[in-house]
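Enquirer: Before I ask anything, here is the structure I am working with.
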Amino acid sequence: MEIVRLNQRFQNRNDVLRKFGFTGKVLIQALWRIPDTEKRYVWIATDGKYDGGLNSLTNEGRNFADRRDPGTPGADSYGHHEDPNVERLLFLNTQVYRQPVIKFVGVFMPDPAASVWNVSAWTRVCDECALPDGSWPGPSTSNS
């Protein structure tokens, strides 16, 4: 069984999405629900500033925050998570040696205690996932 591991790199969005069953031509939005699941999503986010906000991953990679600019619509309720049990496989659009790359940074769940007003906070619960069914073994015990 193939495993997607922490910091594994991909050339483009479709390479990532196809690993989890995407069959379309292009996906513009950052979030895509994995087929045959209700609460598991592939999330391809921009690392750093994006139109309408700022994404940041802590240095140790265990926490992720998506901060909406206060003036954007919906920013005042952005920190409210409708479902605290949703799981997102987070991939970041970033630069490595000035080359664009998409890398896997873990499976994240909402962190309601750290989510406030215009900040949606997430905590890494696993640093790998198995393919092709999109499942993963559960919370990670590694220090990576």
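Every chain in the structure tokens has a letter given in the order shown (A, B, ...), and although residue numbers restart at 1 in each chain, ligands are simply numbered from 1 in the order shown.
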Name the residues of segment 14-144 of chain A that come out as alpha helix (DSSP H) in a backbone DSSP run; write them as a list in words.

Expert: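 Answer for segment 14-144 of chain A restricted to alpha helix (DSSP H) is Asn14, Asp15, Val16, Leu17, Arg18 and Lys19 of chain A.
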
Enquirer: Would you write out those residues with C-alpha atoms, as a compact mmCIF listing (two decimals), in the first residue's frame?

Expert:
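Result file again.txt:
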# COMPACT_ATOMS: atom_id res chain seq x y z
CA ASN A 14 -3.67 17.41 -10.04
CA ASP A 15 -0.82 15.10 -8.98
CA VAL A 16 -2.03 15.49 -5.39
CA LEU A 17 -5.74 15.17 -6.14
CA ARG A 18 -5.40 12.12 -8.36
CA LYS A 19 -3.80 10.23 -5.45

Enquirer: Tell me which of A:Thr23, A:Asn85, A:Gln8, A:Thr37 sits closest to Pro112 of chain A, counting only C-alpha atoms.

Expert: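 Nearest candidate to Pro112 of chain A out of A:Thr23, A:Asn85, A:Gln8, A:Thr37: A:Asn85.
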
Enquirer: Give me, as a ChimeraX atom specification, all polymer residues having an atom no more than 8 Å from segment 113-117 of chain A, counting only C-alpha atoms and skipping those fewer than 2 positions away in the same chain.

Expert: /A:75-80,111,119-121

Enquirer: Store the residues picked out above, limited to C-alpha atoms, as a PDB file, in the first residue's frame.

Expert:
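Generated file (result07.pdb):
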ATOM      1  CA  ALA A  75     -13.884  37.237   8.445  1.00  0.00           C
ATOM      2  CA  ASP A  76     -15.720  37.883  11.714  1.00  0.00           C
ATOM      3  CA  SER A  77     -16.942  34.261  11.885  1.00  0.00           C
ATOM      4  CA  TYR A  78     -14.004  32.558  10.180  1.00  0.00           C
ATOM      5  CA  GLY A  79     -12.773  31.019  13.442  1.00  0.00           C
ATOM      6  CA  HIS A  80     -16.031  29.099  13.983  1.00  0.00           C
ATOM      7  CA  ASP A 111      -8.477  23.500  17.041  1.00  0.00           C
ATOM      8  CA  VAL A 119      -8.474  32.908  12.564  1.00  0.00           C
ATOM      9  CA  SER A 120      -9.215  29.282  11.710  1.00  0.00           C
ATOM     10  CA  ALA A 121      -6.703  27.170  13.672  1.00  0.00           C
TER      11      ALA A 121
END

Enquirer: From the list A:Trp122, A:Glu82, A:Pro73, A:Leu92, which residue is nearest Gly48 of chain A when using only C-alpha atoms?

Expert: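 Nearest to Gly48 of chain A: A:Leu92.
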
Enquirer: A:Pro100, A:Pro84, A:Gly61, A:Pro110: which is nearest Asn7 of chain A, counting only C-alpha atoms?

Expert: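 Of the candidates, the smallest distance to Asn7 of chain A is held by A:Gly61.
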
Enquirer: Within 12 Å of Gln95 of chain A, counting only C-alpha atoms, which residues show up once you throw out same-chain ones fewer than 3 positions away? Write them as a list in words, please.

Expert: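 Returned residues: Arg9, Phe10, Gln11, Thr46, Asp47, Gly48, Leu92, Arg98, Gln99, Pro100, Val101, Ile102 and Lys103 of chain A.
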
Enquirer: For the residues in that selection, give me N, CA and C atoms as a PDB file, in the first residue's frame.

Expert:
ATOM      1  N   ARG A   9       6.794  15.656  -1.734  1.00  0.00           N
ATOM      2  CA  ARG A   9       6.568  16.740  -2.697  1.00  0.00           C
ATOM      3  C   ARG A   9       5.835  16.258  -3.939  1.00  0.00           C
ATOM      4  N   PHE A  10       5.056  17.185  -4.494  1.00  0.00           N
ATOM      5  CA  PHE A  10       4.299  16.941  -5.718  1.00  0.00           C
ATOM      6  C   PHE A  10       4.506  18.117  -6.653  1.00  0.00           C
ATOM      7  N   GLN A  11       4.434  17.854  -7.956  1.00  0.00           N
ATOM      8  CA  GLN A  11       4.675  18.893  -8.951  1.00  0.00           C
ATOM      9  C   GLN A  11       3.504  19.865  -9.101  1.00  0.00           C
ATOM     10  N   THR A  46      -2.140  27.851   0.145  1.00  0.00           N
ATOM     11  CA  THR A  46      -0.952  28.640  -0.162  1.00  0.00           C
ATOM     12  C   THR A  46      -0.191  28.876   1.130  1.00  0.00           C
ATOM     13  N   ASP A  47       1.115  28.704   1.092  1.00  0.00           N
ATOM     14  CA  ASP A  47       1.961  28.991   2.242  1.00  0.00           C
ATOM     15  C   ASP A  47       2.254  30.486   2.252  1.00  0.00           C
ATOM     16  N   GLY A  48       1.772  31.175   3.275  1.00  0.00           N
ATOM     17  CA  GLY A  48       1.993  32.620   3.372  1.00  0.00           C
ATOM     18  C   GLY A  48       0.785  33.417   2.913  1.00  0.00           C
ATOM     19  N   LEU A  92       0.771  22.164   1.144  1.00  0.00           N
ATOM     20  CA  LEU A  92       1.078  23.582   1.005  1.00  0.00           C
ATOM     21  C   LEU A  92       1.759  23.874  -0.324  1.00  0.00           C
ATOM     22  N   ARG A  98      13.528  28.283  -4.727  1.00  0.00           N
ATOM     23  CA  ARG A  98      12.871  29.173  -5.690  1.00  0.00           C
ATOM     24  C   ARG A  98      12.052  28.450  -6.747  1.00  0.00           C
ATOM     25  N   GLN A  99      11.784  27.195  -6.515  1.00  0.00           N
ATOM     26  CA  GLN A  99      10.945  26.425  -7.437  1.00  0.00           C
ATOM     27  C   GLN A  99       9.612  26.120  -6.747  1.00  0.00           C
ATOM     28  N   PRO A 100       8.478  26.318  -7.454  1.00  0.00           N
ATOM     29  CA  PRO A 100       7.183  26.006  -6.839  1.00  0.00           C
ATOM     30  C   PRO A 100       7.045  24.503  -6.606  1.00  0.00           C
ATOM     31  N   VAL A 101       6.499  24.160  -5.465  1.00  0.00           N
ATOM     32  CA  VAL A 101       6.283  22.763  -5.114  1.00  0.00           C
ATOM     33  C   VAL A 101       5.080  22.679  -4.175  1.00  0.00           C
ATOM     34  N   ILE A 102       4.416  21.551  -4.197  1.00  0.00           N
ATOM     35  CA  ILE A 102       3.324  21.297  -3.262  1.00  0.00           C
ATOM     36  C   ILE A 102       3.794  20.172  -2.357  1.00  0.00           C
ATOM     37  N   LYS A 103       3.774  20.418  -1.042  1.00  0.00           N
ATOM     38  CA  LYS A 103       4.255  19.370  -0.139  1.00  0.00           C
ATOM     39  C   LYS A 103       3.214  19.046   0.928  1.00  0.00           C
TER      40      LYS A 103
END

Enquirer: Can you list, as a PyMOL selection string, all residues belonging to segment 19-62 of chain A that DSSP tags as strand (DSSP E)?

Expert: chain A and resi 31-33+40-46+48-50+53-57

Enquirer: May I have the selected residues written with C-alpha atoms, as a short mmCIF file (atom, residue, chain, number, x, y, z; two decimals), in the first residue's frame?

Expert:
data_model
loop_
_atom_site.label_atom_id
_atom_site.label_comp_id
_atom_site.auth_asym_id
_atom_site.auth_seq_id
_atom_site.Cartn_x
_atom_site.Cartn_y
_atom_site.Cartn_z
CA LEU A 31 -10.65 22.17 -0.68
CA TRP A 32 -11.89 18.88 -2.15
CA ARG A 33 -13.82 16.12 -0.35
CA ARG A 40 -12.12 13.90 4.95
CA TYR A 41 -10.80 16.53 2.59
CA VAL A 42 -7.70 17.32 0.58
CA TRP A 43 -6.72 20.90 1.34
CA ILE A 44 -4.20 22.55 -0.97
CA ALA A 45 -3.38 25.87 0.68
CA THR A 46 -0.95 28.64 -0.16
CA GLY A 48 1.99 32.62 3.37
CA LYS A 49 -0.03 35.54 2.03
CA TYR A 50 -2.90 34.91 -0.36
CA GLY A 53 -5.58 36.33 4.13
CA LEU A 54 -2.44 34.71 5.46
CA ASN A 55 -1.67 31.02 6.09
CA SER A 56 1.04 30.02 8.52
CA LEU A 57 2.47 26.71 9.67
#

Enquirer: With only C-alpha atoms as the counted atoms, please give the residues lying no more than 7 Å from Arg5 of chain A, apart from itself and same-chain residues fewer than 6 positions off, as a ChimeraX atom specification.

Expert: /A:104,127-129
